[in-house]
>>> print(open('upload.cif').read())   # mmCIF, C-alpha atoms
data_work
loop_
_atom_site.label_atom_id
_atom_site.label_comp_id
_atom_site.auth_asym_id
_atom_site.auth_seq_id
_atom_site.Cartn_x
_atom_site.Cartn_y
_atom_site.Cartn_z
CA MET A 185 4.51 13.52 21.60
CA ASN A 186 1.57 11.72 23.26
CA ILE A 187 -1.73 10.51 21.83
CA GLU A 188 -3.67 13.61 22.90
CA ASP A 189 -1.15 15.90 21.21
CA ILE A 190 -1.34 13.80 18.05
CA ARG A 191 -5.15 13.82 18.08
CA LYS A 192 -5.17 17.63 18.13
CA ASP A 193 -3.35 17.60 14.78
CA PHE A 194 -6.43 16.06 13.11
CA PRO A 195 -9.17 18.68 12.59
CA ILE A 196 -11.87 16.12 11.77
CA LEU A 197 -11.33 14.43 15.14
CA GLU A 198 -11.69 17.79 16.87
CA ASN A 199 -14.78 18.75 14.89
CA ARG A 200 -16.55 15.39 15.25
CA LYS A 201 -16.58 13.40 18.45
CA ILE A 202 -15.77 10.02 16.96
CA ALA A 203 -13.47 7.09 17.45
CA TYR A 204 -12.22 6.60 13.92
CA LEU A 205 -11.14 2.97 13.48
CA ASP A 206 -11.24 2.60 9.69
CA ASN A 207 -7.68 3.64 8.89
CA GLY A 208 -7.19 0.45 6.92
CA ALA A 209 -9.54 1.98 4.34
CA THR A 210 -8.24 5.54 4.57
CA THR A 211 -6.58 7.70 7.21
CA GLN A 212 -7.58 11.17 8.30
CA LYS A 213 -5.20 14.00 7.43
CA PRO A 214 -3.13 15.98 9.97
CA LEU A 215 -2.83 19.75 9.84
CA PRO A 216 0.72 19.83 8.39
CA VAL A 217 -0.51 17.86 5.36
CA LEU A 218 -3.60 20.04 4.89
CA GLU A 219 -1.55 23.21 5.31
CA LYS A 220 1.10 22.19 2.79
CA ILE A 221 -1.54 21.40 0.16
CA ASP A 222 -3.25 24.74 0.85
CA LYS A 223 0.08 26.55 0.53
CA PHE A 224 0.82 24.80 -2.75
CA TYR A 225 -2.44 25.95 -4.33
CA LYS A 226 -2.08 29.47 -3.01
CA ARG A 227 1.57 30.01 -3.96
CA TYR A 228 2.90 27.36 -6.36
CA ASN A 229 0.07 25.88 -8.43
CA ALA A 230 1.22 25.08 -11.98
CA ASN A 231 1.60 22.01 -14.12
CA VAL A 232 4.95 20.28 -13.72
CA HIS A 233 7.51 19.61 -16.46
CA ARG A 234 5.45 21.71 -18.90
CA GLY A 235 6.64 25.29 -18.61
CA ALA A 236 9.83 27.37 -18.57
CA TYR A 237 8.24 30.06 -16.39
CA SER A 238 9.22 30.27 -12.71
CA LEU A 239 5.88 29.04 -11.29
CA SER A 240 6.08 25.79 -13.28
CA VAL A 241 9.77 25.39 -12.46
CA GLU A 242 9.06 25.79 -8.73
CA ALA A 243 6.17 23.32 -8.85
CA SER A 244 8.36 20.86 -10.74
CA GLU A 245 11.10 21.18 -8.13
CA MET A 246 8.61 20.45 -5.33
CA TYR A 247 7.29 17.46 -7.24
CA GLU A 248 10.74 15.96 -7.90
CA ASN A 249 11.98 16.77 -4.39
CA ALA A 250 9.05 14.73 -3.08
CA ARG A 251 10.08 11.83 -5.31
CA ALA A 252 13.59 11.99 -3.88
CA LYS A 253 12.20 12.08 -0.34
CA ILE A 254 10.05 9.00 -0.97
CA ALA A 255 13.07 7.18 -2.44
CA LYS A 256 15.04 7.97 0.71
CA PHE A 257 12.05 7.03 2.91
CA ILE A 258 12.03 3.45 1.58
CA ASN A 259 15.78 3.39 0.79
CA ALA A 260 15.45 3.04 -2.98
CA ARG A 261 18.76 3.33 -4.82
CA PHE A 262 17.55 5.92 -7.32
CA PRO A 263 14.73 8.53 -7.35
CA GLU A 264 13.66 7.32 -10.80
CA GLU A 265 12.69 3.99 -9.22
CA ILE A 266 9.70 5.83 -7.71
CA ILE A 267 6.68 5.99 -10.03
CA PHE A 268 3.59 7.99 -9.05
CA SER A 269 0.15 6.47 -9.59
CA LYS A 270 -3.41 6.94 -8.29
CA ASN A 271 -3.06 4.29 -5.59
CA ALA A 272 -1.67 0.83 -4.85
CA THR A 273 -4.37 -0.68 -7.06
CA GLU A 274 -3.16 1.19 -10.14
CA SER A 275 0.45 0.37 -9.29
CA LEU A 276 -0.37 -3.35 -9.10
CA ASN A 277 -2.27 -3.20 -12.38
CA LEU A 278 0.70 -1.44 -14.00
CA ILE A 279 2.96 -4.32 -12.95
CA ALA A 280 0.48 -6.95 -14.13
CA TYR A 281 -0.02 -5.34 -17.53
CA SER A 282 3.44 -3.98 -18.26
CA TYR A 283 5.45 -6.83 -16.75
CA GLY A 284 3.11 -9.81 -16.43
CA LEU A 285 1.50 -9.71 -19.87
CA GLU A 286 4.85 -9.22 -21.60
CA LYS A 287 7.04 -11.62 -19.64
CA LEU A 288 4.79 -14.60 -18.86
CA LYS A 289 4.01 -17.42 -21.25
CA LYS A 290 2.16 -20.72 -21.32
CA ASP A 291 2.95 -23.06 -18.41
CA ASP A 292 4.69 -20.33 -16.38
CA GLU A 293 3.31 -19.98 -12.87
CA ILE A 294 2.16 -17.00 -10.79
CA VAL A 295 1.97 -17.48 -7.02
CA ILE A 296 0.03 -15.21 -4.69
CA SER A 297 -1.39 -15.67 -1.19
CA ILE A 298 -5.05 -16.38 -0.52
CA MET A 299 -5.15 -13.26 1.69
CA GLU A 300 -4.32 -10.82 -1.13
CA HIS A 301 -6.35 -7.68 -1.68
CA HIS A 302 -8.38 -8.00 -4.89
CA SER A 303 -6.04 -5.55 -6.61
CA ASN A 304 -3.21 -8.05 -6.24
CA LEU A 305 -5.41 -10.98 -7.26
CA VAL A 306 -7.80 -10.04 -10.07
CA PRO A 307 -5.11 -8.58 -12.39
CA TRP A 308 -3.14 -11.82 -12.09
CA GLN A 309 -6.26 -13.80 -12.98
CA LYS A 310 -6.42 -11.81 -16.21
CA VAL A 311 -2.71 -12.21 -16.88
CA SER A 312 -2.93 -15.97 -16.43
CA LYS A 313 -5.89 -16.25 -18.80
CA VAL A 314 -4.28 -14.10 -21.50
CA THR A 315 -0.81 -15.67 -21.32
CA GLY A 316 -1.80 -19.28 -20.58
CA SER A 317 0.17 -19.21 -17.35
CA LYS A 318 -1.14 -20.81 -14.17
CA LEU A 319 -2.24 -18.95 -11.03
CA ASN A 320 -1.48 -20.75 -7.75
CA TYR A 321 -2.21 -19.78 -4.16
CA MET A 322 -0.34 -19.99 -0.88
CA TYR A 323 -2.96 -20.87 1.73
CA ILE A 324 -3.03 -19.93 5.40
CA ASN A 325 -3.02 -22.33 8.32
CA ASP A 326 -5.26 -22.29 11.40
CA ASP A 327 -3.13 -19.51 12.87
CA PHE A 328 -3.89 -17.30 9.83
CA GLU A 329 -0.27 -17.50 8.70
CA ILE A 330 1.57 -18.87 5.65
CA SER A 331 3.85 -21.68 6.81
CA ASP A 332 7.39 -22.20 5.55
CA GLU A 333 6.23 -25.50 4.05
CA GLU A 334 3.52 -23.74 2.07
CA ILE A 335 6.00 -21.22 0.70
CA GLU A 336 8.40 -23.93 -0.40
CA ASN A 337 5.68 -26.17 -1.84
CA LYS A 338 4.01 -23.47 -3.93
CA ILE A 339 6.99 -21.50 -5.23
CA THR A 340 8.69 -23.77 -7.77
CA ASP A 341 11.11 -23.60 -10.67
CA LYS A 342 8.13 -22.75 -12.88
CA THR A 343 7.19 -19.71 -10.79
CA LYS A 344 7.95 -16.43 -12.54
CA VAL A 345 6.00 -13.94 -10.39
CA VAL A 346 5.16 -13.98 -6.67
CA GLY A 347 2.66 -11.46 -5.28
CA ILE A 348 2.46 -11.05 -1.52
CA THR A 349 0.81 -8.60 0.86
CA HIS A 350 3.18 -7.44 3.58
CA VAL A 351 0.27 -7.08 6.01
CA SER A 352 -3.17 -8.55 5.31
CA ASN A 353 -5.86 -5.89 5.15
CA ALA A 354 -8.46 -8.44 6.35
CA LEU A 355 -6.55 -10.39 9.00
CA GLY A 356 -3.68 -8.18 10.09
CA THR A 357 -1.19 -11.01 9.58
CA ILE A 358 2.37 -9.80 9.03
CA ASN A 359 3.81 -12.05 6.35
CA ASN A 360 7.44 -13.04 6.28
CA VAL A 361 8.13 -11.20 3.04
CA GLU A 362 11.89 -11.38 3.50
CA LYS A 363 11.78 -15.18 3.50
CA ILE A 364 9.33 -15.25 0.58
CA ILE A 365 11.49 -12.89 -1.49
CA LYS A 366 14.67 -14.83 -0.76
CA TYR A 367 13.07 -18.16 -1.66
CA ALA A 368 11.37 -16.77 -4.78
CA HIS A 369 14.66 -15.30 -6.03
CA LYS A 370 16.30 -18.67 -5.46
CA LYS A 371 13.72 -20.08 -7.89
CA GLY A 372 14.21 -17.26 -10.39
CA ALA A 373 10.94 -15.38 -9.74
CA VAL A 374 10.34 -11.66 -9.27
CA VAL A 375 8.36 -10.54 -6.22
CA VAL A 376 5.63 -7.91 -5.96
CA VAL A 377 5.07 -6.64 -2.39
CA ASP A 378 1.82 -4.89 -1.46
CA ALA A 379 2.88 -2.57 1.39
CA ALA A 380 -0.33 -0.52 1.59
CA GLN A 381 -1.16 -1.81 5.08
CA SER A 382 2.39 -2.01 6.40
CA ILE A 383 4.10 1.25 5.52
CA PRO A 384 2.01 3.38 7.92
CA HIS A 385 3.16 1.19 10.80
CA MET A 386 6.70 -0.01 10.14
CA LYS A 387 9.92 1.12 8.47
CA ILE A 388 10.46 -0.42 5.04
CA ASP A 389 13.84 -0.79 3.37
CA VAL A 390 13.41 -2.05 -0.19
CA GLN A 391 17.10 -2.78 -0.60
CA LYS A 392 17.19 -4.87 2.58
CA LEU A 393 14.05 -6.71 1.50
CA ASP A 394 15.43 -7.02 -2.04
CA ALA A 395 11.89 -6.47 -3.35
CA ASP A 396 11.61 -6.26 -7.13
CA PHE A 397 8.41 -4.21 -6.87
CA LEU A 398 6.71 -2.60 -3.89
CA VAL A 399 3.52 -0.54 -3.88
CA PHE A 400 1.57 1.58 -1.42
CA SER A 401 -1.17 4.22 -1.25
CA GLY A 402 -0.66 7.67 0.23
CA HIS A 403 -4.17 7.94 1.63
CA LYS A 404 -3.50 5.06 4.04
CA MET A 405 -0.51 6.88 5.52
CA LEU A 406 -2.01 10.34 6.24
CA ALA A 407 -1.60 11.73 2.71
CA PRO A 408 -4.42 12.84 0.34
CA LEU A 409 -6.62 10.53 -1.65
CA GLY A 410 -5.58 9.68 -5.20
CA ILE A 411 -1.84 9.33 -4.82
CA GLY A 412 0.03 6.03 -4.93
CA VAL A 413 3.59 4.84 -5.34
CA LEU A 414 5.17 2.07 -7.36
CA TYR A 415 8.75 1.21 -6.52
CA GLY A 416 10.56 -1.00 -9.00
CA LYS A 417 14.18 -1.93 -9.51
CA ARG A 418 15.55 0.33 -12.23
CA GLU A 419 16.87 -2.52 -14.35
CA ILE A 420 13.41 -4.11 -14.45
CA LEU A 421 11.46 -0.87 -15.05
CA ASN A 422 13.74 0.05 -17.95
CA LYS A 423 12.77 -3.16 -19.77
CA MET A 424 9.01 -2.67 -19.27
CA SER A 425 6.63 -0.98 -21.70
CA PRO A 426 4.46 1.94 -20.58
CA PHE A 427 1.04 1.16 -19.13
CA ILE A 428 -0.73 4.40 -20.15
CA MET A 429 0.18 6.54 -23.16
CA GLY A 430 -0.02 10.32 -23.37
CA GLY A 431 1.60 13.59 -22.43
CA ASP A 432 4.87 13.77 -20.50
CA MET A 433 5.82 10.13 -21.12
CA ILE A 434 6.72 10.88 -24.74
CA GLU A 435 10.19 11.51 -26.10
CA TYR A 436 9.39 11.92 -29.82
CA VAL A 437 6.20 11.28 -31.82
CA TYR A 438 6.21 10.52 -35.52
CA GLU A 439 3.26 9.60 -37.71
CA GLN A 440 3.76 5.84 -37.33
CA GLU A 441 6.13 5.55 -34.40
CA THR A 442 6.76 6.97 -30.94
CA THR A 443 9.71 6.82 -28.57
CA PHE A 444 9.21 7.10 -24.83
CA ALA A 445 10.84 9.26 -22.19
CA PRO A 446 13.25 7.68 -19.70
CA LEU A 447 12.28 6.75 -16.15
CA PRO A 448 10.28 7.82 -14.27
CA ASN A 449 8.37 9.83 -16.89
CA LYS A 450 7.79 6.74 -19.04
CA PHE A 451 5.14 5.57 -16.57
CA GLU A 452 3.62 8.95 -15.67
CA ALA A 453 1.39 9.90 -18.60
CA GLY A 454 -0.75 13.02 -18.41
CA THR A 455 -1.08 15.59 -15.66
CA GLN A 456 -0.28 13.96 -12.36
CA ASN A 457 -1.88 14.43 -8.94
CA ILE A 458 0.60 17.10 -7.96
CA GLU A 459 -1.22 18.10 -4.79
CA GLY A 460 -1.23 14.43 -3.76
CA VAL A 461 2.52 14.21 -4.21
CA ILE A 462 3.00 17.41 -2.18
CA GLY A 463 0.68 16.04 0.52
CA LEU A 464 2.55 12.71 0.60
CA ASP A 465 5.78 14.64 1.08
CA ALA A 466 4.24 16.32 4.14
CA ALA A 467 2.80 13.03 5.45
CA ILE A 468 6.27 11.45 5.41
CA ASP A 469 7.62 14.43 7.37
CA TYR A 470 4.82 13.96 9.92
CA ILE A 471 5.43 10.22 10.33
CA GLU A 472 9.17 10.75 10.70
CA LYS A 473 8.61 13.51 13.26
CA ILE A 474 6.68 11.09 15.47
CA GLY A 475 8.99 8.21 14.58
CA TYR A 476 8.21 4.59 13.87
CA ASP A 477 9.52 3.56 17.29
CA LYS A 478 6.91 5.75 18.99
CA ILE A 479 4.17 4.63 16.59
CA GLN A 480 4.94 0.98 17.30
CA GLU A 481 5.15 1.58 21.06
CA ILE A 482 1.65 3.07 21.10
CA GLU A 483 0.31 0.39 18.76
CA LYS A 484 1.73 -2.46 20.83
CA ASP A 485 0.07 -1.17 24.00
CA LEU A 486 -3.26 -0.60 22.34
CA ILE A 487 -3.39 -3.91 20.47
CA SER A 488 -2.45 -5.86 23.60
CA TYR A 489 -5.25 -4.11 25.46
CA ALA A 490 -7.72 -4.75 22.63
CA ARG A 491 -6.79 -8.44 22.40
CA ASN A 492 -7.24 -8.89 26.12
CA GLU A 493 -10.58 -7.08 26.38
CA LEU A 494 -12.17 -8.47 23.21
CA SER A 495 -11.23 -12.03 24.14
CA LYS A 496 -13.41 -11.69 27.25
CA LEU A 497 -16.58 -11.33 25.13
CA ASP A 498 -18.13 -14.76 24.58
CA PHE A 499 -20.45 -13.45 21.84
CA LEU A 500 -17.50 -12.30 19.74
CA GLU A 501 -15.26 -14.44 17.51
CA LEU A 502 -11.75 -13.10 16.88
CA TYR A 503 -9.49 -13.84 13.90
CA LEU A 504 -5.95 -13.20 15.16
CA THR A 505 -2.55 -14.81 14.90
CA PRO A 506 -1.60 -16.31 18.30
CA ASN A 507 1.81 -14.65 18.09
CA GLU A 508 1.43 -10.91 18.62
CA GLU A 509 4.75 -10.33 16.85
CA ASN A 510 3.19 -11.63 13.62
CA HIS A 511 0.13 -9.41 13.86
CA SER A 512 -0.32 -5.79 12.87
CA SER A 513 -2.98 -3.29 13.91
CA VAL A 514 -5.94 -4.84 12.10
CA ILE A 515 -8.46 -6.74 14.23
CA SER A 516 -11.13 -8.80 12.50
CA PHE A 517 -14.06 -10.27 14.39
CA ASN A 518 -17.65 -11.49 14.17
CA ILE A 519 -20.54 -10.78 16.48
CA LYS A 520 -22.21 -14.17 16.51
CA GLY A 521 -25.65 -14.22 14.96
CA VAL A 522 -25.64 -10.54 13.97
CA HIS A 523 -25.14 -9.20 10.44
CA PRO A 524 -21.93 -7.15 10.13
CA HIS A 525 -23.73 -4.14 8.68
CA ASP A 526 -26.08 -4.06 11.67
CA VAL A 527 -23.16 -4.09 14.08
CA ALA A 528 -21.44 -1.30 12.14
CA SER A 529 -24.61 0.81 12.24
CA ILE A 530 -25.02 0.29 15.99
CA LEU A 531 -21.39 1.24 16.64
CA ASP A 532 -21.79 4.29 14.40
CA GLY A 533 -24.65 5.38 16.64
CA GLU A 534 -22.11 5.43 19.46
CA GLY A 535 -19.61 7.45 17.42
CA VAL A 536 -17.38 4.48 16.57
CA CYS A 537 -16.37 4.15 12.90
CA VAL A 538 -15.57 0.60 11.77
CA ARG A 539 -15.67 -1.23 8.48
CA SER A 540 -17.94 -4.17 7.80
CA ARG A 541 -16.75 -6.54 5.14
CA LYS A 542 -16.61 -10.08 3.80
CA SER A 543 -13.22 -11.77 3.78
CA LEU A 544 -12.14 -14.83 1.83
CA ARG A 545 -12.74 -17.07 4.82
CA THR A 546 -15.67 -15.55 6.63
CA THR A 547 -17.87 -12.54 7.12
CA SER A 548 -15.86 -10.37 9.46
CA TYR A 549 -15.16 -6.92 10.78
CA GLU A 550 -12.01 -5.10 10.05
CA ILE A 551 -10.79 -2.45 12.44
CA SER A 552 -7.48 -0.80 11.69
CA TRP A 553 -6.12 0.55 14.97
CA ASN A 554 -3.85 3.18 13.50
CA ARG A 555 -2.52 4.89 16.62
CA LEU A 556 -2.02 8.18 14.86
CA ASN A 557 -5.76 8.74 14.70
CA LEU A 558 -7.00 7.46 18.06
#
>>> encode(input="upload.cif", output="C-alpha cells")
Amino acid sequence: MNIEDIRKDFPILENRKIAYLDNGATTQKPLPVLEKIDKFYKRYNANVHRGAYSLSVEASEMYENARAKIAKFINARFPEEIIFSKNATESLNLIAYSYGLEKLKKDDEIVISIMEHHSNLVPWQKVSKVTGSKLNYMYINDDFEISDEEIENKITDKTKVVGITHVSNALGTINNVEKIIKYAHKKGAVVVVDAAQSIPHMKIDVQKLDADFLVFSGHKMLAPLGIGVLYGKREILNKMSPFIMGGDMIEYVYEQETTFAPLPNKFEAGTQNIEGVIGLDAAIDYIEKIGYDKIQEIEKDLISYARNELSKLDFLELYLTPNEENHSSVISFNIKGVHPHDVASILDGEGVCVRSRKSLRTTSYEISWNRLNL
C-alpha cells in the first residue's frame, strides 16, 4: 500500500485539497472507521451491559470484543486492564485522583518531565498541593532530550510517581521510557506513560515496557473523537477507588453504603462512548493492515526530507534532536520575526494545515507529519 492509496481512504482529503499536518492534535478518519461506525448505528445501536434483549447483547459483545482487541494490541495481560475514557486527558486525571490523591503523602515526591502535556502536569500540581507531596521536574538539555544523569538525579528514594510522555507533542523527542521505568521501579515508584503521540507511529508492548499505567487517545490514531484508553496493571487498578460514580460501575447500592463492580466496570460510570470504542476497533484494524513497519518506513523518508529542506531556510529556526533515531514525526519551528498565528494563516491560504502554539521553551510551530494522512 503506497501513500496515494492510503490518501484515497480519507474522504476529507479527497473533498478538500489540503495538506493536513495537524495530526498531533487530531487525525482524519479513514473510510473503514467511518463505515464501521455507520454500520453500528444502522444495525446494532443499543446501550451496552443494560439489556437482556439481542440488540443490547450484540452491542455489548462488540464493545467487549474491542476491549480485548486493544488489550492484544498493546499486549496487556488481561482485557480488564483496559479502561475506556474520553481521552488521554481524562485517563491521566483518573490516575492522579484515584491513585495520586490516595497514595501520596507529605514529603513524597512526584517526578515529571518539563515537556509534559498539561494533562500530565496540572493534575499532579493539584495532587502535590492537596497531599503535601513535592512536584519535581526532569529538564531537557540543549539537544531537547532528558539525559541519563537527569533521570538518576531527579528520581530518588522519595519518588512515588513518575509521569513521562513517550513522545513530546511539542518537540517530537522520543523519550527513553524503558530506562525511566526501570530506574523508577528500582526506586520503588510507579510510572505513568503518556503514549498519545507515540502509539500512532510505533508498536507498544506494555509488558515489555513494564509500564504501571499507559494512556492514549483514539482520535490521534484515526479513531473518532471522545474515546480514550487507560491501561493499568490489574493489581494496581484493583486497589484504586473509582474516579466517577454512577450507573454500570455499581455492584449494590444501600441507603448509606455502596459496593462497586469489578474491573473494568468500576472505572466506567454511565453510558460510554460506544461508537468511539467501535471506531477505535476499526482504527486498530486499519493500522495493523498497513503495518507499523510500513508506517515507519514512510515516516523516516519524509522526516529526513523535511529536516534537510527546512534546514536550508535561514529565516527558520528548528527545534529538533540531532539524532534522528530519538525524534518522532513532530517538527517544531519558528519563522523569525513573524507571529506564529500569522504564519499559520498564510499557510492556510495555501491549503496547508498546521498548528501554532506556545511551548514551555519558546513560541513555536508544531507539525505532526503523520504519514497516514499525507
>>> resolve_selection(input="upload.cif", expression="the PyMOL selection byres ((chain A and resi 373) around 12)", output="number ranges by chain")
A: 284, 287-288, 292-295, 339-347, 364-372, 374-376, 395-397
>>> write_last_selection(input="upload.cif", atoms="C-alpha atoms", output="PDB file, in the coordinates of the input")
ATOM      1  CA  GLY A 284       3.110  -9.810 -16.430  1.00  0.00           C
ATOM      2  CA  LYS A 287       7.040 -11.620 -19.640  1.00  0.00           C
ATOM      3  CA  LEU A 288       4.790 -14.600 -18.860  1.00  0.00           C
ATOM      4  CA  ASP A 292       4.690 -20.330 -16.380  1.00  0.00           C
ATOM      5  CA  GLU A 293       3.310 -19.980 -12.870  1.00  0.00           C
ATOM      6  CA  ILE A 294       2.160 -17.000 -10.790  1.00  0.00           C
ATOM      7  CA  VAL A 295       1.970 -17.480  -7.020  1.00  0.00           C
ATOM      8  CA  ILE A 339       6.990 -21.500  -5.230  1.00  0.00           C
ATOM      9  CA  THR A 340       8.690 -23.770  -7.770  1.00  0.00           C
ATOM     10  CA  ASP A 341      11.110 -23.600 -10.670  1.00  0.00           C
ATOM     11  CA  LYS A 342       8.130 -22.750 -12.880  1.00  0.00           C
ATOM     12  CA  THR A 343       7.190 -19.710 -10.790  1.00  0.00           C
ATOM     13  CA  LYS A 344       7.950 -16.430 -12.540  1.00  0.00           C
ATOM     14  CA  VAL A 345       6.000 -13.940 -10.390  1.00  0.00           C
ATOM     15  CA  VAL A 346       5.160 -13.980  -6.670  1.00  0.00           C
ATOM     16  CA  GLY A 347       2.660 -11.460  -5.280  1.00  0.00           C
ATOM     17  CA  ILE A 364       9.330 -15.250   0.580  1.00  0.00           C
ATOM     18  CA  ILE A 365      11.490 -12.890  -1.490  1.00  0.00           C
ATOM     19  CA  LYS A 366      14.670 -14.830  -0.760  1.00  0.00           C
ATOM     20  CA  TYR A 367      13.070 -18.160  -1.660  1.00  0.00           C
ATOM     21  CA  ALA A 368      11.370 -16.770  -4.780  1.00  0.00           C
ATOM     22  CA  HIS A 369      14.660 -15.300  -6.030  1.00  0.00           C
ATOM     23  CA  LYS A 370      16.300 -18.670  -5.460  1.00  0.00           C
ATOM     24  CA  LYS A 371      13.720 -20.080  -7.890  1.00  0.00           C
ATOM     25  CA  GLY A 372      14.210 -17.260 -10.390  1.00  0.00           C
ATOM     26  CA  VAL A 374      10.340 -11.660  -9.270  1.00  0.00           C
ATOM     27  CA  VAL A 375       8.360 -10.540  -6.220  1.00  0.00           C
ATOM     28  CA  VAL A 376       5.630  -7.910  -5.960  1.00  0.00           C
ATOM     29  CA  ALA A 395      11.890  -6.470  -3.350  1.00  0.00           C
ATOM     30  CA  ASP A 396      11.610  -6.260  -7.130  1.00  0.00           C
ATOM     31  CA  PHE A 397       8.410  -4.210  -6.870  1.00  0.00           C
TER      32      PHE A 397
END
>>> closest_residue(input="upload.cif", among="A:Thr505, A:Gln391, A:Ser425, A:Ser382", to="Gln480 (chain A)", atoms="only C-alpha atoms")
A:Ser382
>>> atom_distance(input="upload.cif", atom1="CA of Tyr247 (chain A)", atom2="CA of Pro426 (chain A)")
20.7 Å
>>> atom_distance(input="upload.cif", atom1="CA of Ala203 (chain A)", atom2="CA of Asn518 (chain A)")
19.3 Å
>>> closest_residue(input="upload.cif", among="A:Lys213, A:His511, A:Lys313, A:Lys387", to="Lys256 (chain A)", atoms="all atoms listed in the file")
A:Lys387
>>> atom_distance(input="upload.cif", atom1="CA of Asp291 (chain A)", atom2="CA of Val377 (chain A)")
23.0 Å
>>> residues_around(input="upload.cif", residues="Gln381 (chain A)", least_positions_apart="4", cutoff="12 Å", atoms="only C-alpha atoms", output="PDB file with C-alpha atoms, keeping the file's coordinate frame")
ATOM      1  CA  ASP A 206     -11.240   2.600   9.690  1.00  0.00           C
ATOM      2  CA  ASN A 207      -7.680   3.640   8.890  1.00  0.00           C
ATOM      3  CA  GLY A 208      -7.190   0.450   6.920  1.00  0.00           C
ATOM      4  CA  ALA A 209      -9.540   1.980   4.340  1.00  0.00           C
ATOM      5  CA  THR A 210      -8.240   5.540   4.570  1.00  0.00           C
ATOM      6  CA  THR A 211      -6.580   7.700   7.210  1.00  0.00           C
ATOM      7  CA  ALA A 272      -1.670   0.830  -4.850  1.00  0.00           C
ATOM      8  CA  GLU A 300      -4.320 -10.820  -1.130  1.00  0.00           C
ATOM      9  CA  HIS A 301      -6.350  -7.680  -1.680  1.00  0.00           C
ATOM     10  CA  ILE A 348       2.460 -11.050  -1.520  1.00  0.00           C
ATOM     11  CA  THR A 349       0.810  -8.600   0.860  1.00  0.00           C
ATOM     12  CA  HIS A 350       3.180  -7.440   3.580  1.00  0.00           C
ATOM     13  CA  VAL A 351       0.270  -7.080   6.010  1.00  0.00           C
ATOM     14  CA  SER A 352      -3.170  -8.550   5.310  1.00  0.00           C
ATOM     15  CA  ASN A 353      -5.860  -5.890   5.150  1.00  0.00           C
ATOM     16  CA  ALA A 354      -8.460  -8.440   6.350  1.00  0.00           C
ATOM     17  CA  LEU A 355      -6.550 -10.390   9.000  1.00  0.00           C
ATOM     18  CA  GLY A 356      -3.680  -8.180  10.090  1.00  0.00           C
ATOM     19  CA  THR A 357      -1.190 -11.010   9.580  1.00  0.00           C
ATOM     20  CA  ILE A 358       2.370  -9.800   9.030  1.00  0.00           C
ATOM     21  CA  ASN A 359       3.810 -12.050   6.350  1.00  0.00           C
ATOM     22  CA  VAL A 377       5.070  -6.640  -2.390  1.00  0.00           C
ATOM     23  CA  HIS A 385       3.160   1.190  10.800  1.00  0.00           C
ATOM     24  CA  MET A 386       6.700  -0.010  10.140  1.00  0.00           C
ATOM     25  CA  LYS A 387       9.920   1.120   8.470  1.00  0.00           C
ATOM     26  CA  ILE A 388      10.460  -0.420   5.040  1.00  0.00           C
ATOM     27  CA  LEU A 398       6.710  -2.600  -3.890  1.00  0.00           C
ATOM     28  CA  VAL A 399       3.520  -0.540  -3.880  1.00  0.00           C
ATOM     29  CA  PHE A 400       1.570   1.580  -1.420  1.00  0.00           C
ATOM     30  CA  SER A 401      -1.170   4.220  -1.250  1.00  0.00           C
ATOM     31  CA  GLY A 402      -0.660   7.670   0.230  1.00  0.00           C
ATOM     32  CA  HIS A 403      -4.170   7.940   1.630  1.00  0.00           C
ATOM     33  CA  LYS A 404      -3.500   5.060   4.040  1.00  0.00           C
ATOM     34  CA  MET A 405      -0.510   6.880   5.520  1.00  0.00           C
ATOM     35  CA  HIS A 511       0.130  -9.410  13.860  1.00  0.00           C
ATOM     36  CA  SER A 512      -0.320  -5.790  12.870  1.00  0.00           C
ATOM     37  CA  SER A 513      -2.980  -3.290  13.910  1.00  0.00           C
ATOM     38  CA  VAL A 514      -5.940  -4.840  12.100  1.00  0.00           C
ATOM     39  CA  SER A 552      -7.480  -0.800  11.690  1.00  0.00           C
ATOM     40  CA  TRP A 553      -6.120   0.550  14.970  1.00  0.00           C
ATOM     41  CA  ASN A 554      -3.850   3.180  13.500  1.00  0.00           C
TER      42      ASN A 554
END
